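Below is work_5.pdb, holding PDB, C-alpha atoms.
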```
MODEL        1
ATOM      1  CA  MET E 115     107.115 179.860 163.644
ATOM      2  CA  ILE E 116     105.578 178.555 166.879
ATOM      3  CA  LEU E 117     106.205 180.691 169.953
ATOM      4  CA  THR E 118     106.036 179.236 173.457
ATOM      5  CA  ILE E 119     106.110 180.930 176.845
ATOM      6  CA  THR E 120     107.060 179.017 179.965
ATOM      7  CA  ILE E 121     106.582 181.300 182.947
ATOM      8  CA  ASN E 122     107.761 178.677 185.479
ATOM      9  CA  PRO E 123     110.602 176.767 183.769
ATOM     10  CA  SER E 124     112.730 174.161 185.478
ATOM     11  CA  ILE E 125     115.584 171.752 185.347
ATOM     12  CA  ASP E 126     113.796 168.432 184.903
ATOM     13  CA  ARG E 127     115.709 165.770 186.806
ATOM     14  CA  THR E 128     114.665 162.163 186.110
ATOM     15  CA  VAL E 129     115.734 159.173 188.205
ATOM     16  CA  GLU E 130     115.039 155.693 186.793
ATOM     17  CA  LEU E 131     114.715 152.881 189.318
ATOM     18  CA  ASP E 132     115.269 149.189 188.556
ATOM     19  CA  ALA E 133     112.577 148.188 191.085
ATOM     20  CA  SER E 134     109.349 149.617 192.451
ATOM     21  CA  LEU E 135     109.667 152.716 194.604
ATOM     22  CA  ALA E 136     109.993 151.745 198.282
ATOM     23  CA  ARG E 137     109.099 154.582 200.637
ATOM     24  CA  GLY E 138     111.571 155.044 203.477
ATOM     25  CA  ALA E 139     114.164 152.736 201.911
ATOM     26  CA  VAL E 140     117.515 153.349 200.233
ATOM     27  CA  GLN E 141     117.437 152.480 196.526
ATOM     28  CA  ARG E 142     119.984 152.736 193.749
ATOM     29  CA  ALA E 143     119.060 154.404 190.499
ATOM     30  CA  ARG E 144     119.534 152.627 187.201
ATOM     31  CA  HIS E 145     119.884 155.897 185.341
ATOM     32  CA  GLY E 146     119.660 159.623 185.953
ATOM     33  CA  ALA E 147     119.405 162.575 183.583
ATOM     34  CA  GLN E 148     118.448 166.216 183.544
ATOM     35  CA  GLU E 149     117.267 168.630 180.865
ATOM     36  CA  ALA E 150     115.905 172.131 180.587
ATOM     37  CA  GLY E 151     112.173 171.761 180.990
ATOM     38  CA  GLY E 152     108.771 173.206 181.666
ATOM     39  CA  LYS E 153     105.757 172.561 179.465
ATOM     40  CA  GLY E 154     106.364 175.267 176.875
ATOM     41  CA  ILE E 155     110.057 174.459 176.661
ATOM     42  CA  ASN E 156     109.201 170.784 176.133
ATOM     43  CA  VAL E 157     106.882 171.756 173.275
ATOM     44  CA  SER E 158     109.641 173.838 171.695
ATOM     45  CA  ARG E 159     112.134 170.989 172.150
ATOM     46  CA  ALA E 160     109.808 168.535 170.403
ATOM     47  CA  LEU E 161     109.106 170.958 167.554
ATOM     48  CA  ALA E 162     112.788 171.752 167.074
ATOM     49  CA  ALA E 163     113.588 168.019 167.005
ATOM     50  CA  SER E 164     111.345 167.760 163.936
ATOM     51  CA  GLY E 165     112.778 170.823 162.189
ATOM     52  CA  ILE E 166     109.890 173.169 163.012
ATOM     53  CA  SER E 167     110.800 176.810 163.655
ATOM     54  CA  THR E 168     110.138 177.684 167.294
ATOM     55  CA  LEU E 169     111.166 180.189 169.954
ATOM     56  CA  ALA E 170     110.913 179.649 173.720
ATOM     57  CA  VAL E 171     110.316 182.692 175.938
ATOM     58  CA  LEU E 172     111.090 182.286 179.636
ATOM     59  CA  PRO E 173     112.381 184.039 182.752
ATOM     60  CA  GLY E 174     115.906 183.192 183.865
ATOM     61  CA  ASP E 175     119.382 184.656 184.225
ATOM     62  CA  ASP E 176     121.953 184.194 181.494
ATOM     63  CA  ASP E 177     123.998 181.810 183.670
ATOM     64  CA  ASP E 178     121.043 179.783 184.986
ATOM     65  CA  ALA E 179     121.195 176.013 184.441
ATOM     66  CA  VAL E 180     117.925 176.099 182.463
ATOM     67  CA  ILE E 181     119.331 178.673 180.039
ATOM     68  CA  ALA E 182     122.545 176.668 179.749
ATOM     69  CA  GLY E 183     120.482 173.584 178.994
ATOM     70  CA  LEU E 184     118.684 175.335 176.145
ATOM     71  CA  ARG E 185     121.973 176.532 174.705
ATOM     72  CA  SER E 186     123.422 173.020 174.873
ATOM     73  CA  VAL E 187     120.690 171.612 172.619
ATOM     74  CA  ALA E 188     120.443 174.692 170.369
ATOM     75  CA  ILE E 189     116.836 175.570 171.199
ATOM     76  CA  PRO E 190     116.162 179.193 170.189
ATOM     77  CA  PHE E 191     115.046 181.253 173.177
ATOM     78  CA  ARG E 192     114.642 184.711 174.674
ATOM     79  CA  ASN E 193     115.091 185.027 178.412
ATOM     80  CA  VAL E 194     114.254 187.786 180.875
ATOM     81  CA  PRO E 195     116.788 187.942 183.759
ATOM     82  CA  ILE E 196     115.174 187.763 187.213
ATOM     83  CA  GLY E 197     118.112 187.585 189.659
ATOM     84  CA  ALA E 198     116.971 184.239 191.100
ATOM     85  CA  THR E 199     117.666 180.569 190.475
ATOM     86  CA  LEU E 200     114.992 178.655 188.574
ATOM     87  CA  ARG E 201     113.460 175.554 190.121
ATOM     88  CA  THR E 202     114.295 171.854 189.790
ATOM     89  CA  ASN E 203     111.563 169.264 189.246
ATOM     90  CA  THR E 204     112.310 165.622 190.025
ATOM     91  CA  ALA E 205     110.602 162.625 188.425
ATOM     92  CA  ILE E 206     111.087 159.078 189.744
ATOM     93  CA  THR E 207     110.198 156.385 187.234
ATOM     94  CA  GLU E 208     109.647 152.698 187.991
ATOM     95  CA  PRO E 209     110.173 149.763 185.586
ATOM     96  CA  ASP E 210     106.461 149.580 184.696
ATOM     97  CA  GLY E 211     106.440 153.252 183.687
ATOM     98  CA  THR E 212     104.834 154.540 186.894
ATOM     99  CA  THR E 213     106.119 158.079 187.417
ATOM    100  CA  THR E 214     106.209 160.049 190.661
ATOM    101  CA  LYS E 215     106.840 163.778 190.217
ATOM    102  CA  ILE E 216     108.034 166.292 192.800
ATOM    103  CA  ASN E 217     107.720 169.837 191.479
ATOM    104  CA  GLU E 218     109.233 172.829 193.247
ATOM    105  CA  PRO E 219     107.252 176.100 193.305
ATOM    106  CA  GLY E 220     109.757 178.282 191.451
ATOM    107  CA  PRO E 221     110.919 181.830 192.216
ATOM    108  CA  ALA E 222     108.435 184.689 192.590
ATOM    109  CA  LEU E 223     108.433 187.283 189.800
ATOM    110  CA  SER E 224     107.970 191.014 190.245
ATOM    111  CA  ALA E 225     105.384 193.108 188.435
ATOM    112  CA  GLU E 226     108.186 194.660 186.383
ATOM    113  CA  GLN E 227     109.485 191.240 185.345
ATOM    114  CA  LEU E 228     105.987 190.145 184.315
ATOM    115  CA  ASP E 229     105.656 193.341 182.271
ATOM    116  CA  GLU E 230     108.949 192.595 180.523
ATOM    117  CA  LEU E 231     107.978 188.992 179.783
ATOM    118  CA  THR E 232     104.667 190.174 178.341
ATOM    119  CA  ALA E 233     106.451 192.731 176.173
ATOM    120  CA  VAL E 234     108.847 190.082 174.860
ATOM    121  CA  VAL E 235     105.970 187.761 173.958
ATOM    122  CA  VAL E 236     104.144 190.575 172.172
ATOM    123  CA  ALA E 237     107.257 191.509 170.195
ATOM    124  CA  GLU E 238     108.074 187.926 169.231
ATOM    125  CA  SER E 239     104.466 187.121 168.257
ATOM    126  CA  HIS E 240     104.916 189.093 165.037
ATOM    127  CA  GLY E 241     104.481 186.586 162.219
ATOM    128  CA  ALA E 242     104.070 183.578 164.538
ATOM    129  CA  ALA E 243     101.537 180.922 163.549
ATOM    130  CA  TRP E 244     100.854 179.822 167.143
ATOM    131  CA  LEU E 245     101.444 181.171 170.630
ATOM    132  CA  VAL E 246     101.559 178.403 173.246
ATOM    133  CA  LEU E 247     101.094 179.404 176.896
ATOM    134  CA  ALA E 248     102.061 176.397 178.949
ATOM    135  CA  GLY E 249     102.656 175.229 182.476
ATOM    136  CA  SER E 250     102.081 176.453 186.009
ATOM    137  CA  LEU E 251     102.620 179.978 187.297
ATOM    138  CA  PRO E 252     105.219 180.811 189.946
ATOM    139  CA  PRO E 253     104.149 181.952 193.423
ATOM    140  CA  GLN E 254     102.382 185.326 193.600
ATOM    141  CA  VAL E 255     101.814 185.557 189.846
ATOM    142  CA  PRO E 256      98.099 186.330 189.313
ATOM    143  CA  PRO E 257      96.114 183.436 187.798
ATOM    144  CA  THR E 258      94.925 185.879 185.128
ATOM    145  CA  PHE E 259      98.454 186.244 183.702
ATOM    146  CA  TYR E 260      97.745 184.140 180.612
ATOM    147  CA  ARG E 261      94.609 186.190 179.885
ATOM    148  CA  ARG E 262      96.692 189.339 180.168
ATOM    149  CA  VAL E 263      99.305 188.074 177.706
ATOM    150  CA  ILE E 264      96.659 186.929 175.224
ATOM    151  CA  ALA E 265      94.896 190.296 175.388
ATOM    152  CA  ALA E 266      98.168 192.157 174.831
ATOM    153  CA  VAL E 267      99.026 190.053 171.773
ATOM    154  CA  ARG E 268      95.558 190.304 170.268
ATOM    155  CA  ASP E 269      95.312 194.041 170.920
ATOM    156  CA  THR E 270      98.640 194.547 169.152
ATOM    157  CA  TYR E 271      98.093 192.377 166.091
ATOM    158  CA  GLY E 272      94.324 192.088 165.677
ATOM    159  CA  ALA E 273      93.402 189.640 162.932
ATOM    160  CA  SER E 274      97.114 188.939 162.345
ATOM    161  CA  ALA E 275      97.632 187.625 165.887
ATOM    162  CA  PRO E 276      98.862 184.038 166.195
ATOM    163  CA  LEU E 277      96.505 181.233 167.106
ATOM    164  CA  ILE E 278      96.409 180.688 170.857
ATOM    165  CA  ALA E 279      96.970 177.361 172.660
ATOM    166  CA  ILE E 280      96.886 176.878 176.434
ATOM    167  CA  ASP E 281      98.227 173.867 178.355
ATOM    168  CA  SER E 282      98.033 174.497 182.078
ATOM    169  CA  SER E 283      96.031 173.479 185.147
ATOM    170  CA  GLY E 284      94.074 174.935 188.047
ATOM    171  CA  GLU E 285      93.150 178.605 188.064
ATOM    172  CA  PRO E 286      95.506 179.645 185.223
ATOM    173  CA  LEU E 287      93.791 177.133 182.928
ATOM    174  CA  ILE E 288      90.297 178.121 184.061
ATOM    175  CA  GLU E 289      91.065 181.815 183.622
ATOM    176  CA  GLY E 290      92.744 181.218 180.262
ATOM    177  CA  ALA E 291      89.810 179.185 178.976
ATOM    178  CA  ALA E 292      87.506 182.081 179.828
ATOM    179  CA  THR E 293      89.437 184.480 177.566
ATOM    180  CA  VAL E 294      87.198 186.347 175.126
ATOM    181  CA  PRO E 295      87.514 185.492 172.301
ATOM    182  CA  ALA E 296      88.241 181.993 173.584
ATOM    183  CA  PRO E 297      91.567 180.240 172.887
ATOM    184  CA  ASP E 298      91.953 178.350 169.617
ATOM    185  CA  LEU E 299      93.147 175.210 171.422
ATOM    186  CA  LEU E 300      93.068 173.831 174.956
ATOM    187  CA  LYS E 301      95.176 170.782 175.883
ATOM    188  CA  PRO E 302      93.868 169.390 179.202
ATOM    189  CA  ASN E 303      94.420 165.932 180.608
ATOM    190  CA  GLY E 304      91.515 164.029 182.170
ATOM    191  CA  GLU E 305      91.838 165.650 185.583
ATOM    192  CA  GLU E 306      92.084 169.143 184.121
ATOM    193  CA  LEU E 307      89.128 168.507 181.821
ATOM    194  CA  ALA E 308      87.009 167.482 184.804
ATOM    195  CA  GLU E 309      88.141 170.566 186.694
ATOM    196  CA  LEU E 310      87.290 172.850 183.779
ATOM    197  CA  THR E 311      83.804 171.485 183.134
ATOM    198  CA  GLY E 312      82.597 169.924 186.392
ATOM    199  CA  ILE E 313      81.891 166.695 184.492
ATOM    200  CA  GLY E 314      83.094 163.463 186.107
ATOM    201  CA  THR E 315      86.511 162.926 187.657
ATOM    202  CA  GLY E 316      89.884 162.604 186.002
ATOM    203  CA  ASP E 317      89.820 158.817 186.351
ATOM    204  CA  GLU E 318      86.286 158.600 184.989
ATOM    205  CA  LEU E 319      87.123 160.700 181.941
ATOM    206  CA  GLU E 320      90.262 158.694 181.199
ATOM    207  CA  GLN E 321      88.255 155.462 181.302
ATOM    208  CA  ASP E 322      85.160 156.730 179.435
ATOM    209  CA  HIS E 323      86.118 158.619 176.305
ATOM    210  CA  GLU E 324      82.487 159.283 175.380
ATOM    211  CA  LEU E 325      81.982 161.084 178.690
ATOM    212  CA  ALA E 326      85.263 162.913 178.112
ATOM    213  CA  ALA E 327      84.069 163.956 174.661
ATOM    214  CA  LYS E 328      80.910 165.411 176.204
ATOM    215  CA  ALA E 329      83.083 167.419 178.585
ATOM    216  CA  CYS E 330      85.148 168.683 175.642
ATOM    217  CA  ALA E 331      81.925 169.672 173.879
ATOM    218  CA  VAL E 332      81.029 171.990 176.762
ATOM    219  CA  LEU E 333      84.249 173.918 176.099
ATOM    220  CA  ILE E 334      83.607 174.019 172.345
ATOM    221  CA  ALA E 335      80.125 175.379 173.000
ATOM    222  CA  ALA E 336      81.697 178.099 175.144
ATOM    223  CA  GLY E 337      83.742 179.227 172.139
ATOM    224  CA  VAL E 338      87.022 177.280 172.378
ATOM    225  CA  GLY E 339      88.231 176.404 168.902
ATOM    226  CA  ALA E 340      89.456 172.871 169.626
ATOM    227  CA  VAL E 341      90.108 170.654 172.638
ATOM    228  CA  LEU E 342      92.903 168.092 172.567
ATOM    229  CA  ALA E 343      92.353 165.998 175.715
ATOM    230  CA  THR E 344      95.120 163.533 176.553
ATOM    231  CA  LEU E 345      93.897 160.485 178.476
ATOM    232  CA  GLY E 346      97.100 158.649 179.361
ATOM    233  CA  SER E 347      97.186 155.052 178.154
ATOM    234  CA  LYS E 348      93.624 155.494 176.856
ATOM    235  CA  GLY E 349      94.793 157.755 174.031
ATOM    236  CA  ALA E 350      93.454 161.215 173.326
ATOM    237  CA  LEU E 351      90.393 163.056 172.090
ATOM    238  CA  LEU E 352      90.072 165.898 169.635
ATOM    239  CA  VAL E 353      86.810 167.823 169.612
ATOM    240  CA  THR E 354      86.029 170.783 167.360
ATOM    241  CA  ARG E 355      82.850 172.198 165.844
ATOM    242  CA  ALA E 356      83.623 170.058 162.794
ATOM    243  CA  GLY E 357      83.566 166.774 164.718
ATOM    244  CA  ALA E 358      84.928 164.621 167.506
ATOM    245  CA  TRP E 359      87.494 161.831 167.340
ATOM    246  CA  HIS E 360      89.247 159.382 169.651
ATOM    247  CA  GLY E 361      92.798 158.250 168.897
ATOM    248  CA  LEU E 362      94.561 155.238 170.410
ATOM    249  CA  HIS E 363      98.082 153.979 169.725
ATOM    250  CA  SER E 364      98.926 150.306 169.708
ATOM    251  CA  PRO E 365     100.487 149.321 173.069
ATOM    252  CA  VAL E 366     103.966 150.667 173.839
ATOM    253  CA  THR E 367     106.283 149.899 176.737
ATOM    254  CA  ALA E 368     106.297 153.061 178.818
ATOM    255  CA  ARG E 369     109.598 154.185 180.365
ATOM    256  CA  SER E 370     108.562 157.651 181.551
ATOM    257  CA  THR E 371     105.412 159.711 181.127
ATOM    258  CA  VAL E 372     107.242 162.992 181.819
ATOM    259  CA  GLY E 373     106.590 165.346 178.929
ATOM    260  CA  ALA E 374     104.303 162.951 177.044
ATOM    261  CA  GLY E 375     101.424 165.434 177.064
ATOM    262  CA  ASP E 376     103.745 168.224 175.923
ATOM    263  CA  SER E 377     104.947 166.039 173.055
ATOM    264  CA  ALA E 378     101.325 165.289 172.134
ATOM    265  CA  LEU E 379     100.643 169.015 171.878
ATOM    266  CA  ALA E 380     103.762 169.440 169.736
ATOM    267  CA  GLY E 381     102.591 166.631 167.453
ATOM    268  CA  TYR E 382      99.224 168.325 167.006
ATOM    269  CA  LEU E 383     100.826 171.681 166.221
ATOM    270  CA  LEU E 384     103.258 170.066 163.809
ATOM    271  CA  ALA E 385     100.438 168.423 161.850
ATOM    272  CA  HIS E 386      98.193 171.492 162.005
ATOM    273  CA  SER E 387     101.024 173.668 160.668
ATOM    274  CA  ALA E 388     101.383 171.226 157.781
ATOM    275  CA  GLY E 389      97.707 171.722 156.883
ATOM    276  CA  GLU E 390      96.535 168.275 157.968
ATOM    277  CA  VAL E 391      92.854 167.499 158.584
ATOM    278  CA  PRO E 392      91.763 167.227 162.240
ATOM    279  CA  GLU E 393      91.872 163.417 162.280
ATOM    280  CA  ASN E 394      95.510 163.456 161.216
ATOM    281  CA  CYS E 395      96.343 166.195 163.708
ATOM    282  CA  LEU E 396      94.990 163.890 166.422
ATOM    283  CA  ARG E 397      96.840 160.912 164.930
ATOM    284  CA  GLN E 398     100.169 162.749 165.096
ATOM    285  CA  ALA E 399      99.436 164.031 168.602
ATOM    286  CA  VAL E 400      98.849 160.493 169.874
ATOM    287  CA  ALA E 401     101.898 159.207 168.003
ATOM    288  CA  HIS E 402     104.092 161.894 169.549
ATOM    289  CA  GLY E 403     102.743 161.302 173.059
ATOM    290  CA  SER E 404     103.217 157.536 172.795
ATOM    291  CA  ALA E 405     106.749 157.914 171.440
ATOM    292  CA  ALA E 406     107.640 160.242 174.333
ATOM    293  CA  ALA E 407     106.301 157.752 176.899
ATOM    294  CA  ALA E 408     108.562 155.073 175.435
ATOM    295  CA  LEU E 409     111.662 157.256 175.823
ATOM    296  CA  PRO E 410     113.659 157.683 179.040
ATOM    297  CA  GLY E 411     113.333 160.688 181.326
ATOM    298  CA  SER E 412     111.938 163.827 179.776
ATOM    299  CA  SER E 413     113.229 163.004 176.287
ATOM    300  CA  VAL E 414     111.064 164.207 173.398
ATOM    301  CA  PRO E 415     110.728 162.396 170.062
ATOM    302  CA  SER E 416     111.461 163.668 166.596
ATOM    303  CA  LEU E 417     108.933 163.099 163.834
ATOM    304  CA  ASP E 418     110.826 160.086 162.488
ATOM    305  CA  GLN E 419     110.617 158.414 165.924
ATOM    306  CA  THR E 420     106.819 158.464 165.870
ATOM    307  CA  THR E 421     104.496 155.884 164.318
ATOM    308  CA  PRO E 422     101.216 157.563 163.334
ATOM    309  CA  ALA E 423     100.304 154.498 161.252
ATOM    310  CA  ASP E 424      99.904 152.635 164.554
ATOM    311  CA  VAL E 425      97.223 155.058 165.768
ATOM    312  CA  THR E 426      93.567 154.116 165.302
ATOM    313  CA  VAL E 427      91.276 157.140 165.003
ATOM    314  CA  SER E 428      87.524 156.683 165.491
ATOM    315  CA  ALA E 429      84.854 159.301 164.871
ATOM    316  CA  LEU E 430      82.436 160.009 167.702
ATOM    317  CA  THR E 431      78.905 161.362 167.584
ATOM    318  CA  ILE E 432      78.211 163.703 170.481
ATOM    319  CA  THR E 433      75.729 166.404 171.337
ATOM    320  CA  LEU E 434      77.217 169.864 171.401
ATOM    321  CA  PRO E 435      75.537 172.146 173.951
ATOM    322  CA  VAL E 436      74.952 175.741 172.954
ATOM    323  CA  ILE E 437      75.837 178.059 175.798
ATOM    324  CA  GLY E 438      73.271 180.738 176.549
ATOM    325  CA  SER E 439      75.505 182.820 178.830
ATOM    326  CA  THR E 440      79.018 184.213 178.544
ATOM    327  CA  THR E 441      80.002 183.676 182.160
ATOM    328  CA  GLY E 442      82.455 180.866 181.377
ATOM    329  CA  PRO E 443      82.936 177.351 180.033
ATOM    330  CA  CYS E 444      81.063 175.679 182.897
ATOM    331  CA  THR E 445      77.766 177.426 182.143
ATOM    332  CA  GLY E 446      74.891 175.036 181.476
ATOM    333  CA  PRO E 447      73.461 174.466 177.977
ATOM    334  CA  THR E 448      70.312 176.070 176.646
ATOM    335  CA  ALA E 449      70.132 174.199 173.363
ATOM    336  CA  GLN E 450      71.952 171.421 171.552
ATOM    337  CA  GLU E 451      73.364 170.497 168.160
ATOM    338  CA  GLU E 452      74.901 167.221 166.998
ATOM    339  CA  LEU E 453      78.489 166.781 165.885
TER     340      LEU E 453
ENDMDL
END
```
For the file at hand, write its structure as structure tokens.
Amino acid sequence: MILTITINPSIDRTVELDASLARGAVQRARHGAQEAGGKGINVSRALAASGISTLAVLPGDDDDAVIAGLRSVAIPFRNVPIGATLRTNTAITEPDGTTTKINEPGPALSAEQLDELTAVVVAESHGAAWLVLAGSLPPQVPPTFYRRVIAAVRDTYGASAPLIAIDSSGEPLIEGAATVPAPDLLKPNGEELAELTGIGTGDELEQDHELAAKACAVLIAAGVGAVLATLGSKGALLVTRAGAWHGLHSPVTARSTVGAGDSALAGYLLAHSAGEVPENCLRQAVAHGSAAAALPGSSVPSLDQTTPADVTVSALTITLPVIGSTTGPCTGPTAQEEL
């Protein structure tokens, strides 16, 4: 079973335009849809679509629209009531696939509610293969929250604790990456990878996968088990101590990029749970992300909607720095080894 926690879930509202977005004008939508969302929920949705056992943990009242959305598509979940309405995120997609997102902040959570969410995650982690901590944190939630949850799970289960994956941004991602022991998997995009390592910019890393691989190697040297870096239309990278690979799907017509990165993470976890080698885990991640981009709104693909045979995976040779300090993933190298 793969457990996800989404601390800042949302109703994901998608509006498809039949022309380019015109600021200040009145436009008619070609299509509109909404689904229960948030990064962890999207991962659970994609896993469930492929028959993988999953459970989504989230805050939200029993009658909240997000909870109703999960019930409507039969996604297993455990919710912690908070007495407040969850947020709505709006994505506007143009015919060429360009997506503009407007994300609300979400309701603040009390210390008691955070304690209850942590306790639920700890209880449900029993026997789980992976724990995925995904998405932003609501206002006033400390950026160390993911570290706290990871510590609680590992302290409870020791060597039997699930593998840990983090897909977030900003301070929660930086703090989560600095967890000791480090997470088993980080899933940044180009911008987040640059922010984590101080190497290049998001645009530079998306365009130069060798530079992006070097940035991933800094995180591996700091103790992270694997880095799955999604680079938009430029594919994705997977870097571990065993090697580094770049995966690229044959061109697809993008309808919406909402949830594509979440689907890529689900594809990786699906293949990893099946015992696939790293190259095939990357292949399925890219196939899932590409299939999601070709679907409308925040739709997620099932395994039979993906085309891993259309993904080209190339091995990379990079230098892996060996970190001499334990202050964090951005610490400079003191020695090097080749992957």
**Request:** Rounded to one decimal place, report the CA of Leu223 in chain E-CA of Ser413 in chain E distance in Å.
**Result:** 28.2 Å
**Prompt:** Just so the selection is clear, what residues does the PyMOL selection byres ((chain E and resi 339) around 10) cover here, as a list of chain:residue names?
**Reply:**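 When the PyMOL selection byres ((chain E and resi 339) around 10) is applied to the shown file, the picked residues are E:Leu277, E:Ile278, E:Ala279, E:Pro295, E:Ala296, E:Pro297, E:Asp298, E:Leu299, E:Leu300, E:Leu333, E:Ile334, E:Ala335, E:Ala336, E:Gly337, E:Val338, E:Ala340, E:Val341, E:Val353, E:Thr354, E:Arg355, E:Ala356.
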**Residue nearest Ile155 in chain E among E:Ala327, E:Ile189, E:Ala292, E:Leu383 (counting only C-alpha atoms)** =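 With only C-alpha atoms as the atom set, the closest residue is E:Ile189.
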**Request:** Run the PyMOL selection byres ((chain E and resi 144) around 6) mentally over the shown coordinates, then write out the matched residues as a list of chain:residue names, using the chain letters and numbers from the document.
**Result:**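 Those residues are E:Glu130, E:Leu131, E:Asp132, E:Ala143, E:His145.
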**Message:** Quick check on the file I pasted: which residues fall under the PyMOL selection byres ((chain E and resi 276) around 8)? Write them as a count of residues only.
**Reply:** 11
Considering all atoms listed in the file, give me a table of residues in range 312-385 of chain E that are at most 12 Å from range 163-169 of chain E, with the closest atom pair and distance in Å for each, as a Markdown table.
```
| residue | atom | partner | partner_atom | distance |
| --- | --- | --- | --- | --- |
| E:Ser377 | CA | E:Ala163 | CA | 10.7 |
| E:Ala380 | CA | E:Ser164 | CA | 9.7 |
| E:Gly381 | CA | E:Ser164 | CA | 9.5 |
| E:Leu383 | CA | E:Ile166 | CA | 9.7 |
| E:Leu384 | CA | E:Ile166 | CA | 7.4 |
| E:Ala385 | CA | E:Ile166 | CA | 10.6 |
```
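Taking CA of Glu226 in chain E and CA of Glu149 in chain E as endpoints, the distance between them is 28.1 Å.
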**Prompt:** CA of Leu172 in chain E to CA of Ile121 in chain E: how many Å, to one decimal?
**Reply:** 5.7 Å
**Item:** Residues within 9 Å of Pro195 in chain E, all atoms listed in the file, excluding chain neighbours under 6 positions, as a ChimeraX atom specification
**Value:** /E:173-176,227
**Prompt:** Which of these, E:Val255, E:Ala407, E:Ile125, E:Val400, has the shortest distance to Gly373 in chain E once you count all atoms listed in the file?
**Reply:**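 Selected residue with least distance to Gly373 in chain E: E:Ala407.
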Coordinates of box centre and edge lengths for range 162-171 of chain E, 6 Å on every side, axis-aligned, as lines of an AutoDock Vina configuration file:
```
center_x = 111.7
center_y = 175.2
center_z = 169.1
size_x = 15.7
size_y = 26.9
size_z = 25.7
```
**Request:** Give the answer as one residue: which of E:Gly197, E:Pro302, E:Pro410, E:Pro415 has the shortest atom-to-atom distance to Thr213 in chain E, using only C-alpha atoms?
**Result:**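 Answer, going by the shortest atom-to-atom distance: E:Pro410.
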Which residues of range 328-445 of chain E have any atom within 12 Å of an atom in range 200-210 of chain E when counting only C-alpha atoms, and what is the closest pair of atoms for each, with the distance in Å to one decimal? Order the rows by chain and rising number and write it as JSON lines.
```
{"residue": "E:Val366", "atom": "CA", "partner": "E:Asp210", "partner_atom": "CA", "distance": 11.2}
{"residue": "E:Thr367", "atom": "CA", "partner": "E:Asp210", "partner_atom": "CA", "distance": 8.0}
{"residue": "E:Ala368", "atom": "CA", "partner": "E:Asp210", "partner_atom": "CA", "distance": 6.8}
{"residue": "E:Arg369", "atom": "CA", "partner": "E:Pro209", "partner_atom": "CA", "distance": 6.9}
{"residue": "E:Ser370", "atom": "CA", "partner": "E:Thr207", "partner_atom": "CA", "distance": 6.0}
{"residue": "E:Thr371", "atom": "CA", "partner": "E:Thr207", "partner_atom": "CA", "distance": 8.4}
{"residue": "E:Val372", "atom": "CA", "partner": "E:Ala205", "partner_atom": "CA", "distance": 7.4}
{"residue": "E:Gly373", "atom": "CA", "partner": "E:Ala205", "partner_atom": "CA", "distance": 10.7}
{"residue": "E:Ala407", "atom": "CA", "partner": "E:Thr207", "partner_atom": "CA", "distance": 11.1}
{"residue": "E:Ala408", "atom": "CA", "partner": "E:Asp210", "partner_atom": "CA", "distance": 11.0}
{"residue": "E:Leu409", "atom": "CA", "partner": "E:Thr207", "partner_atom": "CA", "distance": 11.5}
{"residue": "E:Pro410", "atom": "CA", "partner": "E:Thr207", "partner_atom": "CA", "distance": 9.0}
{"residue": "E:Gly411", "atom": "CA", "partner": "E:Ala205", "partner_atom": "CA", "distance": 7.8}
{"residue": "E:Ser412", "atom": "CA", "partner": "E:Ala205", "partner_atom": "CA", "distance": 8.8}
```
**Prompt:** Pick the closest to Ser124 in chain E from E:Thr212, E:Ser250, E:Thr232, E:Ser416: which is it, counting all atoms listed in the file?
**Reply:**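 Of all the options, E:Ser250 lies closest to Ser124 in chain E.
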**Request:** Rank E:Phe259, E:Tyr382, E:Tyr271, E:Phe191 by their smallest atom-to-atom distance to Gln398 in chain E, using all atoms listed in the file, and report the top residue only.
**Result:** E:Tyr382
**Item:** Neighbour residues at most 6 Å from (111.1, 172.2, 182.6) (only C-alpha atoms) as a ChimeraX atom specification
**Value:** /E:123-126,150-152
